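Some notes on the structure that comes next.
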Amino acid sequence: RKEVEQDPGPFNVPEGATVAFNCTYSNSASQSFFWYRQDCRKEPKLLMSVYSSGNEDGRFTAQLNRASQYISLLIRDSKLSDSATYLCVVTSTLNEKLTFGTGTRLTIIP
Amino acid sequence: NAGVTQTPKFRVLKTGQSMTLLCAQDMNHEYMYWYRQDPGMGLRLIHYSVGEGTTAKGEVPDGYNVSRLKKQNFLLGLESAAPSQTSVYFCASSKWGGQFEQFFGPGTRLTVL
């Protein structure tokens, strides 16, 4: 079983729609959780951290369920500029390194 | 601040040749990482460093060596390149450990013929 699993997509979604991504992780001792975004042929960049209480940043909402070892990302009112690959990221037990999921590709259609 | 820079941006090698990829950061970060990214495989950690003079193996270290002689630089070496090492290589740094944001360089596209 992979340490971090994501639906690879692609997700093709009309502009203005709401889209949700899910991710599961296998290491129950993981300490920190993130969503990174990667544009085509570019480097990954941090989108947001994910907390057990859930957190929101504008149109983006992230949720963590430690009991189910499940992370989600919700994008509301999607924009063309949201087209990218979204990477689910989990830290190791000692927090010294990250494990990346293979990413979910999102395309927003005009 | 330049952030994280990588040299070179592109390189083509023949099987058996050697090369060194240079990563530099100007943010005074303690932790530095080397990843490779292949289609369908995601980012995989090659080696990392938790401070000047230290290195540790990641998920896919075979065929690579690293050095961190200066805090701001992290070098990745390929002693004898193989076609299986054709990939995009990303360097990253973070202030301390994984709980802090990782800042990535623009990547090096390496092709081994």
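Labels used: A, B, ... for chains in the order of the structure tokens, numbers from 1 for residues in each chain, and numbers from 1 for ligands as shown.
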
Exercise for review: Residues of chain A near chain B: apply a cut-off of 9 Å, count only C-alpha atoms, and supply the list as an MDAnalysis selection string.
Suggested key: chainID A and resid 8 31:34 41:46 49 87 90:92 94:103

Practice item. Would you list the contacts of range 78-81 of chain A as a PyMOL selection string, taking every protein, DNA or RNA residue within 9 Å and counting only C-alpha atoms, but skipping same-chain residues closer than 2 positions in sequence? Key: chain A and resi 13-19+59+75-76+83-84+107-110

Would you export the selected residues with N, CA, C and O atoms as a compact mmCIF listing (two decimals), in the first residue's frame, please?
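Everything below was put into result_2.txt:
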```txt
# COMPACT_ATOMS: atom_id res chain seq x y z
N VAL A 13 -13.80 20.09 -14.69
CA VAL A 13 -14.90 20.72 -13.96
C VAL A 13 -15.24 22.06 -14.58
O VAL A 13 -14.33 22.83 -14.91
N PRO A 14 -16.52 22.39 -14.76
CA PRO A 14 -16.87 23.71 -15.32
C PRO A 14 -16.56 24.83 -14.34
O PRO A 14 -16.66 24.65 -13.10
N GLU A 15 -16.20 25.95 -14.88
CA GLU A 15 -15.93 27.15 -14.08
C GLU A 15 -17.12 27.45 -13.18
O GLU A 15 -18.28 27.35 -13.59
N GLY A 16 -16.82 27.79 -11.92
CA GLY A 16 -17.87 28.10 -10.97
C GLY A 16 -18.36 26.92 -10.16
O GLY A 16 -19.06 27.09 -9.16
N ALA A 17 -17.98 25.73 -10.55
CA ALA A 17 -18.42 24.53 -9.82
C ALA A 17 -17.60 24.33 -8.56
O ALA A 17 -16.57 24.97 -8.34
N THR A 18 -18.08 23.42 -7.73
CA THR A 18 -17.35 23.01 -6.53
C THR A 18 -16.74 21.63 -6.79
O THR A 18 -17.40 20.76 -7.36
N VAL A 19 -15.50 21.46 -6.38
CA VAL A 19 -14.83 20.18 -6.60
C VAL A 19 -14.13 19.76 -5.31
O VAL A 19 -13.67 20.62 -4.54
N ARG A 59 -11.59 30.41 -0.95
CA ARG A 59 -12.48 29.41 -1.58
C ARG A 59 -12.05 27.98 -1.27
O ARG A 59 -12.71 27.03 -1.71
N ILE A 75 -12.74 22.92 -3.18
CA ILE A 75 -12.57 24.19 -3.88
C ILE A 75 -13.96 24.65 -4.33
O ILE A 75 -14.65 23.96 -5.08
N ARG A 76 -14.35 25.82 -3.83
CA ARG A 76 -15.66 26.38 -4.22
C ARG A 76 -15.47 27.42 -5.31
O ARG A 76 -14.41 28.05 -5.42
N SER A 83 -6.77 25.48 -12.34
CA SER A 83 -6.28 24.33 -13.10
C SER A 83 -4.84 24.05 -12.72
O SER A 83 -3.96 24.91 -12.87
N ALA A 84 -4.58 22.84 -12.22
CA ALA A 84 -3.26 22.48 -11.72
C ALA A 84 -3.34 21.03 -11.23
O ALA A 84 -4.40 20.42 -11.25
N THR A 107 -8.66 20.26 -14.19
CA THR A 107 -8.79 21.22 -15.29
C THR A 107 -10.15 21.90 -15.16
O THR A 107 -11.18 21.22 -15.09
N ILE A 108 -10.14 23.22 -15.11
CA ILE A 108 -11.38 23.99 -15.05
C ILE A 108 -11.73 24.40 -16.48
O ILE A 108 -10.91 25.00 -17.19
N ILE A 109 -12.96 24.08 -16.86
CA ILE A 109 -13.40 24.31 -18.24
C ILE A 109 -14.24 25.58 -18.30
O ILE A 109 -15.15 25.76 -17.50
N PRO A 110 -13.93 26.49 -19.25
CA PRO A 110 -14.70 27.75 -19.34
C PRO A 110 -16.18 27.48 -19.64
O PRO A 110 -16.52 26.52 -20.33
```

Practice item. Tell me which protein, DNA and RNA residues are within 7 Å of Glu5 in chain A, counting only C-alpha atoms, leaving out same-chain ones fewer than 6 positions away, and put them as a list in words. Key: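 The neighbour list is Cys23, Thr24, Tyr25 and Gly101 of chain A.
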
Check your understanding: Can you tell me how far CA of Lys9 in chain B sits from CA of Arg36 in chain B, in Å to one decimal?
Key ->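 Separating CA of Lys9 in chain B from CA of Arg36 in chain B is a distance of 13.8 Å.
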
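Atom to atom, CA of Ala2 in chain B and CA of Leu75 in chain B stand 17.6 Å apart.
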
Review point. Hey, can you check how far CA of Ser53 in chain A sits from CA of Val4 in chain A?
Key: 20.7 Å

Exercise for review: Tell me, as a VMD selection string, which residues lie within 7 Å of Gly3 in chain B, counting only C-alpha atoms; anything in the same chain fewer than 3 positions away does not count.
Suggested key: chain B and resid 25 to 27

Point to revise | Within 6 Å of Val12 in chain B using only C-alpha atoms, minus same-chain residues under 4 positions, as a ChimeraX atom specification | key: /B:110-112

Serialized selection, N, CA and C atoms, as a JSON list (two decimals), in the first residue's frame:
```json
[["chain", "number", "residue", "atom", "x", "y", "z"],
["B", 110, "LEU", "N", 16.73, 16.30, -16.53],
["B", 110, "LEU", "CA", 17.89, 15.50, -16.91],
["B", 110, "LEU", "C", 17.44, 14.35, -17.80],
["B", 111, "THR", "N", 18.14, 14.22, -18.92],
["B", 111, "THR", "CA", 17.92, 13.09, -19.82],
["B", 111, "THR", "C", 19.21, 12.31, -19.92],
["B", 112, "VAL", "N", 19.12, 11.00, -19.71],
["B", 112, "VAL", "CA", 20.29, 10.13, -19.84],
["B", 112, "VAL", "C", 20.05, 9.20, -21.03]]
```
